[in-house]
Structure formats: structure tokens, C-alpha cells
Amino acid sequence: MDAADLDRRFRSDSPRIPAYLVSRLLELGHAEEVAFQAGRGEWFCARELARRLAGQGLRAEAWEVLAPYLASGSWTAAETAAGLLEEWGKADEAIALARPHADGGTRQALAFLGRLLARHGRGGQAFALLLPHLEDAFLATALVDVARPAGREEEVAALLAARIETPHRCADPGCDRARIAPANAVSLLATVQERRGRVDEAVALLRPVPAAPPAHAHAQLADVLARHGRMEQLREYAAELGNPARRLAELLEERGDVEGAIAVYRGLPASDDLRPFTAAHLADLLERHGRGDEAIEVMRALVDASPGAEDWVVRRLCALYAGAGRALEGLAYLDDLKSLSGGEDWEFFELRLPLLAAEGRSGEALALVRAHPEGDTWYAADSVARLHAEAGRLDEAVTVLRAHACDLALDLAEHLITLGRVREAVAVLQER
């Protein structure tokens with residue numbers, strides 16, 4: 001068994017049988033097929049089966065499933081096995097299994113081993129293991145995670161602060177730009193300072209001065225303010241920028257203040273860049289609380305104010321019409337948009353299908369697809385199959401998808417599994 005292939009499959013989720021379909025097979029009682037495929041080199045089958053066996057107390061059987069993968073030298077397999085060993089109270093064995101991969105320079109193994117050591121009273125070792133890799137954003141995150149159990153938070157804070165204050169020049173001789181390494185140094189330093197009780201310093205690091213930080217920094221600052229009950233500061237920050245407003249609205253909603261959450265979105269400045277996303281978040285909030293008609297008004301106003309609105313905006317509006325039992329109005333609105341645009345490509349035409357289905361007119365929808373110039377394409381088949389599936393006609397969905405099995409293999413396999421035609425499903429996946 002080739003270790004590089006196993007690692008590639010795990011990272012890209014591109015084995016012949018992907019993880020979510022393995023879970024579906026097990027959910028429907030097809031453990032024997034999963035075991036058979038695990039023995040044929042299907043990594044996700046082996047991983048999920050081993051975890052299931054371990055959960056049933058069958059440790060020897062779980063280890064037997066993983067053994068050929070471990071023998072390949074794969075870090076992916078070693079990580080899974082080490083996780084099981086730790087769950088079984090065998091931390092020393094888990095450490096011994098992970099260490100050769102970390103010593104070999106595998107980044108994922110270094111981070112895993114560092115956190116594993118820290119969880120089991122070896123914080124100093126974990127810190128020493130990860131410290132040489134401070135410039136690597138991924139490993140620096142792990143270093144910050146182990147700094148507290150190692151009792152080295154002050155040291156790591158000083159190291160990160162020095163890197164922020166003195167950025168490095170990029171390696172290209174022709175490049176005159178400075179960069180911070182690790183790239184997430186500001187975020188990590190803020191995390192450390194918050195943990196040390198220095199909330200004001202964390203807030204100052206994350207504020208958008210002199211230049212606006214990336215979106216994740218907005219979210220981090222919003223979370224820091226929320227965790228420490230600084231609601232007024234959070235309100236002021238949210239009024240300046242759209243990104244923190246979402247966290248404020250979520251927090252208010254969690255506390256039962258739905259009207260306050262709605263007011264946050266309605267009070268944002270009408271920025272062209274943020275307006276579609278603000279409208280969508282507000283519509284989602286309204287829909288969650290049974291106010292679908294108001295959600296439609298929000299998205300309708302957005303589409304009306306932006307001729308040529310992006311497809312996802314119109315699609316969201318149509319979904320709201322269908323969900324509110326107003327599919328006929330949605331269809332009429334699409335007719336109006338069509339007359340304004342002067343045409344109807346597939347992306348626009350497809351919006352009609354769920355609305356027709358919501359009105360019980362699936363037959364009409366299928367007839368329209370067959371008559372459409374793009375009705376014989378794989379993406380049209382995908383839409384038609386979805387109509388059949390939502391109506392409970394899985395056999396018909398399978399028939400449609402089979403004609404485009406190369407492009408729609410995953411959907412086809414999932415329906416076959418649901419129908420109990422497991423061997424057919426596996427054949428489809430292994431042929432793709």
C-alpha cells in the first residue's frame with residue numbers, strides 16, 4: 001500500500017469512496033461492505049470501521065484494520081492510530097507512534113505531537129519541539145496552544161511581539177515589501193494576551209489601525225469583546241464595519257434579543273460591498289424566527305436596487321418565496337426579471353424548477369427542462385435528478401444520473417446506497 005497515495009487521498013478527500021459516503025454506508029447497516037473495501041485499500045472505509053470497532057470496545061479488531069495502513073508508513077494512518085491509543089489511555093505508545101513522523105519533518109505530525117505531549121504533562125518538550133518552527137503559521141498556532149501548559153506564555157508573547165515590530169523582507173531580491181512571519185502573528189499574540197488577562201492589549205492589537213485587518217481579525221476582536229462582556233465597545237465596532245456586526249447579532253440572538261439583532265443589521269451603513277451579505281444574514285435571521293415575509297422584503301429590495309444582481313442573491317430570494325408558500329409570486333417575479341434582461345440562460349431558468357415543484361408542478365418543470373436548449377447537459381441532469389429525489393422518486397433520479405455518471409458519480413452513488421444497491425454504488429465510485 002502506497003503511503004503517499006493514502007496521504008493524498010486523505011488531504012484531498014478524493015479516494016474512490018469518500019468519507020461522507022462511508023458514514024452513510026455504516027448508517028444504513030452496510031458494515032460488511034465497508035470492511036471488505038477497507039481490505040482493498042479504501043482508506044476512509046478503514047478509518048471509519050476502526051473507529052466504530054474501537055467504540056464498541058473491540059480494540060484488537062480495530063488495530064487489525066489499521067495495521068496494513070500503518071505498515072505503509074503513512075502519517076494519515078499513524079495519526080488515526082495514535083488518536084485511538086490516546087483514547088485507550090496509552091499516551092506513551094501514541095507519542096512513540098507519532099514521533100518518527102515529527103522527526104521526519106511532517107508538519108501535521110509536528111503539530112499533533114506537540115499538542116499530544118502538552119496534554120500529557122510534557123509541555124516543556126512540546127514547546128521545545130515547536131519553537132524552531134515559529135515562522136510557520138500552522139506550527140506557530142500549535143506553539144501558542146502548548147505555551148500555557150508549558151508555562152511559557154510570556155516567552156512566546158515576547159517572540160511574537162518582536163516579529164510584529166520587525167517584519168522580515170521577503171526572500172525575492174527584487175521584492176521591497178516587508179512581511180510578518182508567521183503571518184498570523186498578530187492574531188496569535190492577541191490570543192496569548194487575552195489568556196494572560198491583558199484584554200486591553202489584545203483589543204488594541206486587533207483594532208483596524210492603521211490599516212484594516214483581514215476578516216478573521218474582525219471576527220476575533222468581536223469574540224474577545226463578547227467574551228468579556230464589552231457590549232458597548234462591540235456595538236461601536238460593529239457600527240463601523242460589517243464583519244463584527246454579524247457576531248454582535250449572533251450574540252444578541254443567542255440571548256433572546258431578536259429585535260436587537262435585527263436592529264444591528266438594519267443600522268449598518270449601506271456599503272455596496274457589504275450590502276448583499278448584510279441583507280442575506282438579516283433574511284436568514286428573520287426566516288429562522290418565522291418571519292419569512294419580512295425576509296422576502298429584505299432580499300426583494302436588494303434585487304430591485306441592483307439590476308443584474310448576482311445569481312446567489314436571486315436564488316436566495318426564490319428559496320424564500322418557496323419556503324413561505326409564495327412560489328407563484330416567485331415565478332411571477334422571475335418573469336418580470338426575464339422581461340427586463342431579455343433572455344433566460346440556464347442559471348436563470350433553473351431558478352424556476354424548485355418554485356414549480358413547490359406548487360406541485362414537477363411534471364411541468366421536467367417538460368420545460370426537456371424543451372430547454374441545455375436540457376441534455378450534465379448540469380441539467382443534476383437539476384432534474386434533484387427534482388425527482390425531493391419528490392421521493394429515487395429510481396427515476398438514478399436513471400437520469402446514470403446517463404452522466406462520469407460527472408455526477410457521487411450523487412448517483414449516494415442515491416444507489418439509499419436504495420440498498422450498494423455494490424452498484426461502489427462500482428460507480430471506483431470507476432470514476
# chains A, B, ... in the order shown; residues from 1 in each chain; ligands from 1

$ residues_around --residues "region 397-401 of chain A" --least-positions-apart "3" --cutoff "7 Å" --atoms "only C-alpha atoms" --output "number ranges by chain"
A: 381-382, 385, 388-389, 393-394, 404-405, 408, 412, 415

$ write_last_selection --atoms "N, CA and C atoms" --output "PDB file, in the first residue's frame"
ATOM      1  N   ALA A 381     -29.168  17.570 -15.958  1.00  0.00           N
ATOM      2  CA  ALA A 381     -29.490  16.269 -15.355  1.00  0.00           C
ATOM      3  C   ALA A 381     -29.410  16.351 -13.838  1.00  0.00           C
ATOM      4  N   ASP A 382     -28.460  17.097 -13.334  1.00  0.00           N
ATOM      5  CA  ASP A 382     -28.332  17.269 -11.894  1.00  0.00           C
ATOM      6  C   ASP A 382     -29.589  17.921 -11.309  1.00  0.00           C
ATOM      7  N   ALA A 385     -32.567  15.404 -11.553  1.00  0.00           N
ATOM      8  CA  ALA A 385     -32.437  14.354 -10.543  1.00  0.00           C
ATOM      9  C   ALA A 385     -32.821  14.883  -9.168  1.00  0.00           C
ATOM     10  N   HIS A 388     -36.563  14.866  -8.877  1.00  0.00           N
ATOM     11  CA  HIS A 388     -37.065  13.509  -8.627  1.00  0.00           C
ATOM     12  C   HIS A 388     -36.805  13.091  -7.177  1.00  0.00           C
ATOM     13  N   ALA A 389     -35.582  13.354  -6.706  1.00  0.00           N
ATOM     14  CA  ALA A 389     -35.209  12.919  -5.358  1.00  0.00           C
ATOM     15  C   ALA A 389     -36.066  13.606  -4.299  1.00  0.00           C
ATOM     16  N   ARG A 393     -38.719  10.101  -5.700  1.00  0.00           N
ATOM     17  CA  ARG A 393     -38.597   9.189  -6.844  1.00  0.00           C
ATOM     18  C   ARG A 393     -37.116   8.898  -7.094  1.00  0.00           C
ATOM     19  N   LEU A 394     -36.495   8.151  -6.181  1.00  0.00           N
ATOM     20  CA  LEU A 394     -35.058   7.923  -6.283  1.00  0.00           C
ATOM     21  C   LEU A 394     -34.690   7.067  -7.483  1.00  0.00           C
ATOM     22  N   HIS A 404     -25.113  10.435 -17.002  1.00  0.00           N
ATOM     23  CA  HIS A 404     -23.998  11.374 -16.832  1.00  0.00           C
ATOM     24  C   HIS A 404     -23.140  10.936 -15.652  1.00  0.00           C
ATOM     25  N   ALA A 405     -22.899   9.643 -15.565  1.00  0.00           N
ATOM     26  CA  ALA A 405     -22.231   9.072 -14.393  1.00  0.00           C
ATOM     27  C   ALA A 405     -20.828   9.628 -14.176  1.00  0.00           C
ATOM     28  N   LEU A 408     -21.471  13.016 -12.469  1.00  0.00           N
ATOM     29  CA  LEU A 408     -22.363  13.030 -11.306  1.00  0.00           C
ATOM     30  C   LEU A 408     -22.266  11.736 -10.497  1.00  0.00           C
ATOM     31  N   LEU A 412     -25.016   9.982  -7.853  1.00  0.00           N
ATOM     32  CA  LEU A 412     -25.569   8.695  -8.279  1.00  0.00           C
ATOM     33  C   LEU A 412     -25.295   7.625  -7.216  1.00  0.00           C
ATOM     34  N   HIS A 415     -27.539   8.006  -4.067  1.00  0.00           N
ATOM     35  CA  HIS A 415     -28.910   7.513  -4.250  1.00  0.00           C
ATOM     36  C   HIS A 415     -28.940   5.984  -4.295  1.00  0.00           C
TER      37      HIS A 415
END

$ atom_distance --atom1 "CA of Asp293 (chain A)" --atom2 "CA of Leu320 (chain A)"
8.2 Å

$ closest_residue --among "A:Asp145, A:Glu374, A:Glu27, A:Glu297" --to "Ala118 (chain A)" --atoms "only C-alpha atoms"
A:Asp145

$ closest_residue --among "A:Ala78, A:Ala19, A:Leu328, A:Val146" --to "Ala128 (chain A)" --atoms "only C-alpha atoms"
A:Val146

$ residues_around --residues "Glu64 (chain A)" --least-positions-apart "4" --cutoff "12 Å" --atoms "only C-alpha atoms" --output "VMD selection string"
chain A and resid 35 38 to 39 46 to 47 49 to 51 53 to 54 58 to 60 68 to 71 81

$ atom_distance --atom1 "CA of Val192 (chain A)" --atom2 "CA of Gln220 (chain A)"
12.6 Å

$ closest_residue --among "A:Val298, A:Ala181, A:Val144, A:Leu25" --to "Ala162 (chain A)" --atoms "only C-alpha atoms"
A:Ala181

$ atom_distance --atom1 "CA of Ala147 (chain A)" --atom2 "CA of Glu135 (chain A)"
15.7 Å

$ residues_around --residues "Ala82 (chain A)" --least-positions-apart "3" --cutoff "12 Å" --atoms "only C-alpha atoms" --output "ChimeraX atom specification"
/A:51,63,66,70,75-79,85-99,101,109,112-113,116

$ closest_residue --among "A:Ser362, A:Tyr20, A:His372, A:Ala217" --to "Arg386 (chain A)" --atoms "only C-alpha atoms"
A:Ser362

$ closest_residue --among "A:Ala150, A:Val22, A:Leu84, A:Ile164" --to "Arg179 (chain A)" --atoms "only C-alpha atoms"
A:Ile164

$ closest_residue --among "A:Glu350, A:Val65, A:Gly57, A:Ala245" --to "Gln37 (chain A)" --atoms "only C-alpha atoms"
A:Val65

$ select_by_dssp --residues "region 147-324 of chain A" --states "helix (DSSP H, G or I)" --output "MDAnalysis selection string"
chainID A and resid 147:150 153:165 185:195 199:206 215:227 231:240 242:254 258:266 275:288 292:305 311:323
